[in-house]
Amino acid sequence: MASKKGNKVVIQLRNKETGSFYITTKNLKSENTAGKMKMRKYDPKTRKHEVFTEEKVSH
């Protein structure tokens, strides 16, 4: 059987201004996700699409 270890990591995408966040996974082996991830997502507090940047998930 194939091993399912170490491909993905759980990250948090957070908007610095409002504090809103999304929880998602990131593929570590992909070249497209190298470095910190930035995505434009909907922010319910401002009711607009804003830039969310990657942060570590605090458990």
# chains A, B, ... in the order shown; residues from 1 in each chain; ligands from 1
>>> select_by_dssp(residues="chain A", states="strand (DSSP E or B)", output="PyMOL selection string")
chain A and resi 8-14+21-27+38-43+48-56
>>> write_last_selection(atoms="N, CA and C atoms", output="tab-separated table (two decimals), in the first residue's frame")
chain	number	residue	atom	x	y	z
A	8	LYS	N	0.63	16.77	2.70
A	8	LYS	CA	-0.16	17.97	2.94
A	8	LYS	C	0.00	18.46	4.36
A	9	VAL	N	-0.19	19.77	4.52
A	9	VAL	CA	-0.13	20.39	5.84
A	9	VAL	C	-1.33	21.34	5.96
A	10	VAL	N	-1.88	21.45	7.16
A	10	VAL	CA	-3.01	22.33	7.41
A	10	VAL	C	-2.49	23.73	7.65
A	11	ILE	N	-3.05	24.72	6.93
A	11	ILE	CA	-2.64	26.11	7.08
A	11	ILE	C	-3.86	26.97	7.34
A	12	GLN	N	-3.60	28.18	7.76
A	12	GLN	CA	-4.65	29.16	8.01
A	12	GLN	C	-4.40	30.36	7.12
A	13	LEU	N	-5.41	30.78	6.37
A	13	LEU	CA	-5.34	31.99	5.56
A	13	LEU	C	-6.04	33.09	6.34
A	14	ARG	N	-5.32	34.15	6.71
A	14	ARG	CA	-5.86	35.19	7.58
A	14	ARG	C	-5.76	36.56	6.92
A	21	PHE	N	-10.50	34.46	8.95
A	21	PHE	CA	-9.58	33.44	8.48
A	21	PHE	C	-10.32	32.27	7.86
A	22	TYR	N	-9.61	31.52	7.03
A	22	TYR	CA	-10.06	30.27	6.43
A	22	TYR	C	-9.03	29.21	6.79
A	23	ILE	N	-9.47	27.98	7.01
A	23	ILE	CA	-8.59	26.84	7.25
A	23	ILE	C	-8.59	26.00	5.98
A	24	THR	N	-7.39	25.65	5.49
A	24	THR	CA	-7.27	24.85	4.27
A	24	THR	C	-6.02	24.00	4.34
A	25	THR	N	-5.79	23.16	3.34
A	25	THR	CA	-4.59	22.35	3.29
A	25	THR	C	-3.70	22.83	2.16
A	26	LYS	N	-2.41	22.52	2.29
A	26	LYS	CA	-1.42	22.93	1.30
A	26	LYS	C	-0.59	21.71	0.93
A	27	ASN	N	-0.39	21.49	-0.37
A	27	ASN	CA	0.42	20.38	-0.85
A	27	ASN	C	1.89	20.79	-0.80
A	38	LYS	N	-0.94	33.32	-0.89
A	38	LYS	CA	-1.83	34.47	-0.81
A	38	LYS	C	-3.00	34.19	-1.74
A	39	MET	N	-4.21	34.43	-1.24
A	39	MET	CA	-5.41	34.21	-2.04
A	39	MET	C	-6.40	35.33	-1.80
A	40	ARG	N	-7.17	35.66	-2.84
A	40	ARG	CA	-8.26	36.60	-2.67
A	40	ARG	C	-9.51	35.80	-2.37
A	41	LYS	N	-10.06	36.03	-1.18
A	41	LYS	CA	-11.25	35.31	-0.73
A	41	LYS	C	-12.25	36.32	-0.18
A	42	TYR	N	-13.48	35.87	0.00
A	42	TYR	CA	-14.53	36.73	0.52
A	42	TYR	C	-14.37	36.94	2.02
A	43	ASP	N	-14.41	38.20	2.45
A	43	ASP	CA	-14.33	38.54	3.87
A	43	ASP	C	-15.73	38.96	4.33
A	48	LYS	N	-16.50	42.15	1.15
A	48	LYS	CA	-15.77	42.30	-0.11
A	48	LYS	C	-14.75	41.18	-0.22
A	49	HIS	N	-14.18	41.03	-1.40
A	49	HIS	CA	-13.06	40.11	-1.59
A	49	HIS	C	-11.79	40.82	-1.16
A	50	GLU	N	-11.01	40.16	-0.29
A	50	GLU	CA	-9.79	40.73	0.27
A	50	GLU	C	-8.65	39.72	0.09
A	51	VAL	N	-7.41	40.16	0.31
A	51	VAL	CA	-6.25	39.28	0.23
A	51	VAL	C	-6.03	38.62	1.59
A	52	PHE	N	-5.96	37.28	1.58
A	52	PHE	CA	-5.69	36.49	2.77
A	52	PHE	C	-4.31	35.88	2.61
A	53	THR	N	-3.47	35.94	3.66
A	53	THR	CA	-2.13	35.38	3.60
A	53	THR	C	-1.99	34.21	4.55
A	54	GLU	N	-1.04	33.35	4.25
A	54	GLU	CA	-0.85	32.11	5.02
A	54	GLU	C	-0.21	32.39	6.37
A	55	GLU	N	-0.71	31.69	7.38
A	55	GLU	CA	-0.14	31.68	8.73
A	55	GLU	C	-0.21	30.27	9.25
A	56	LYS	N	0.57	29.98	10.27
A	56	LYS	CA	0.52	28.66	10.89
A	56	LYS	C	-0.72	28.53	11.73
>>> residues_around(residues="Lys29 (chain A)", least_positions_apart="4", cutoff="12 Å", atoms="only C-alpha atoms", output="PDB file with C-alpha atoms, in the first residue's frame")
ATOM      1  CA  LYS A   5       2.483  10.615   5.059  1.00  0.00           C
ATOM      2  CA  GLY A   6       3.878  14.101   4.599  1.00  0.00           C
ATOM      3  CA  ASN A   7       2.143  15.383   1.437  1.00  0.00           C
ATOM      4  CA  LYS A   8      -0.165  17.970   2.942  1.00  0.00           C
ATOM      5  CA  VAL A   9      -0.132  20.386   5.844  1.00  0.00           C
ATOM      6  CA  THR A  33       2.520  26.252  -3.448  1.00  0.00           C
ATOM      7  CA  ALA A  34       6.160  27.077  -2.638  1.00  0.00           C
ATOM      8  CA  GLY A  35       6.526  29.973  -0.186  1.00  0.00           C
TER       9      GLY A  35
END
